[in-house]
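Report on the structure given below.
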Amino acid sequence: MAATASPGAGGMDAKPRTSPKSVKFLFGGLAGMGATVFVQPLDLVKNRMQLSGEGAKTREYKTSFHALTSILRAEGLRGIYTGLSAGLLRQATYTTTRLGIYTVLFERLTGADGTPPGFLLKALIGMTAGATGAFVGTPAEVALIRMTADGRLPPDQRRGYKNVFDALIRIVREEGVPTLWRGCIPTMARAVVVNAAQLASYSQSKQFLLDSGYFSDNILCHFCASMISGLVTTAASMPVDIAKTRIQNMRTIDGKPEYKNGLDVLVKVIRYEGFFSLWKGFTPYYARLGPHTVLTFIFLEQMNKAYKRLFLSG
């Protein structure tokens with residue numbers, strides 16, 4: 001007993017050291033940026049498909065594969081990475097803010113005895129953090145949409161932004177500061193829908209798979225539940241996403257914008273392009289969701305391990 005008691009006496013000092021919050025937020029943003037490098041082409045294809053056939057014009061792309069091959073043929077390998085700098089800035093602003101807000105709210109709403117918030121409160125925290133992050137990330141989102149859309153326009157109509165910072169400076173100079181937050185309401189709405197749909201559908205999918213008797217609570221079950229959740233999340237958020245994309249890419253002609261608001265986008269898409277056009281770009285959107293999440297967590301784990309090895313060991 002004495003042998004076991006002595007470590008306990010000094011055990012108060014043996015509390016495991018963890019990385020500071022600022023480092024966690026930094027790693028969260030960097031992990032998202034690392035994942036974006038791999039999925040940027042899917043983002044570009046999704047944006048192009050959402051803008052294809054705008055204003056009752058003939059659809060430029062029949063399928064995602066047709067869009068990808070057309071872009072490669074017309075713009076080359078470099079073309080599918082157009083807007084990468086904006087994608088990276090979006091992750092740096094959106095992911096870091098979302099993670100920071102979520103962590104702060106989660107800790108404040110954790111009970112004095114260490115009891116974590118319940119499911120509904122967690123969902124509310126997630127939606128609040130997502131909406132706040134989306135607001136902060138909207139300027140980068142506007143730049144991303146415009147940069148990825150540029151290649152589909154005739155040369156004389158292209159905006160020709162060199163990089164995300166050139167885009168932001170020119171938007172402010174040519175259209176004013178408020179334009180940086182154009183489409184922020186549908187952007188925030190999409191973040192709320194994505195967070196709510198992911199949480200609800202993942203829990204339900206996992207429970208359904210476990211109740212079927214074919215799955216046990218392991219990585220295969222988690223993967224299948226994630227895929228089902230991704231499908232539901234994509235279906236639920238795409239109409240809001242197409243409204244966001246069209247608003248952020250629109251031009252003001254003779255002082256009159258192409259769309260009044262997100263609802264106007266949805267009405268015009270249904271009227272001129274058909275109801276199912278609200279889900280244009282479904283395949284690349286869904287294909288992007290899974291890999292981006294997986295890669296983000298892989299990069300995050302590796303950075304945390306490296307930090308512990310370099311700064312916390314010994």
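Every chain in the structure tokens takes a letter, A first, then B, and so on in the order presented; its residues are numbered from 1, and the ligands are numbered from 1 following the presented order.
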
Per residue of region 20-127 of chain A within 8 Å of region 238-252 of chain A, which atom pair is closest and at what distance in Å (one decimal), using only C-alpha atoms, listed by chain and increasing number, as CSV?
```
residue,atom,partner,partner_atom,distance
A:Asn47,CA,A:Thr245,CA,7.0
A:Gln50,CA,A:Ile242,CA,6.0
A:Leu51,CA,A:Arg246,CA,6.7
```

Pick out the residues sitting within 12 Å of Leu72 (chain A), and hand them over as JSON, numbers by chain; count only C-alpha atoms, and ignore anything fewer than 3 positions along from it in its own chain.
{"A": [41, 44, 45, 65, 66, 67, 68, 69, 75, 76, 77, 78, 79, 80, 81, 82, 151]}

Residue list (helix (DSSP H, G or I), DSSP) for region 98-288 of chain A, as a count of residues only
149

Any chance you could tabulate, as a Markdown table, the residues of region 11-124 of chain A at most 10 Å from region 295-299 of chain A with each one's nearest atom pair and distance in Å to one decimal, using only C-alpha atoms, in chain and rising number order?
```
| residue | atom | partner | partner_atom | distance |
| --- | --- | --- | --- | --- |
| A:Phe27 | CA | A:Phe299 | CA | 8.5 |
| A:Gly28 | CA | A:Thr296 | CA | 7.9 |
| A:Gly29 | CA | A:Thr296 | CA | 9.1 |
| A:Leu30 | CA | A:Phe299 | CA | 8.1 |
| A:Ala31 | CA | A:Thr296 | CA | 4.8 |
| A:Gly32 | CA | A:Thr296 | CA | 5.2 |
| A:Met33 | CA | A:Thr296 | CA | 8.0 |
| A:Gly34 | CA | A:Thr296 | CA | 7.0 |
| A:Ala35 | CA | A:Leu295 | CA | 5.2 |
| A:Thr36 | CA | A:Thr296 | CA | 8.6 |
| A:Phe38 | CA | A:Leu295 | CA | 8.6 |
| A:Val39 | CA | A:Leu295 | CA | 9.5 |
```

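Of the residues under consideration (A:Ala86, A:Ile71, A:Ile270, A:Ala189), A:Ile270 shows the shortest atom-to-atom contact distance to Gly53 (chain A) when counting only C-alpha atoms.
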
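Closest approach to Ser70 (chain A) among A:Ile125, A:Val136, A:Val172, A:Met49: A:Met49, based on only C-alpha atoms.
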
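Among A:Phe119, A:Tyr94, A:Phe276, A:Phe311, the residue with the shortest atom-to-atom distance to Ala196 (chain A), counting only C-alpha atoms, is A:Phe119.
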
Test item: residues at most 8 Å from Val193 (chain A), only C-alpha atoms, excluding those fewer than 6 positions along its chain, as an NGL selection string
:A and (127 or 233 or 236-237)

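You will find CA of Leu220 (chain A) at 17.8 Å from CA of Leu289 (chain A).
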
Between CA of Leu180 (chain A) and CA of Leu89 (chain A), what is the distance in Å, rounded to a tenth?
13.6 Å

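Here the question is which of A:Leu105, A:Ala74, A:Ala306, A:Val37 gets nearest to His292 (chain A) using only C-alpha atoms, and that residue is A:Val37.
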
Shell of 8 Å around Ala143 (chain A), only C-alpha atoms, local chain residues under 3 positions omitted, as number ranges by chain:
A: 83, 86, 139-140, 146-147, 164, 167-168

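Between Thr58 (chain A) and the candidates A:Pro291, A:Asp166, A:Glu273, A:Ser201, the tightest atom-to-atom separation, counting only C-alpha atoms, involves A:Glu273.
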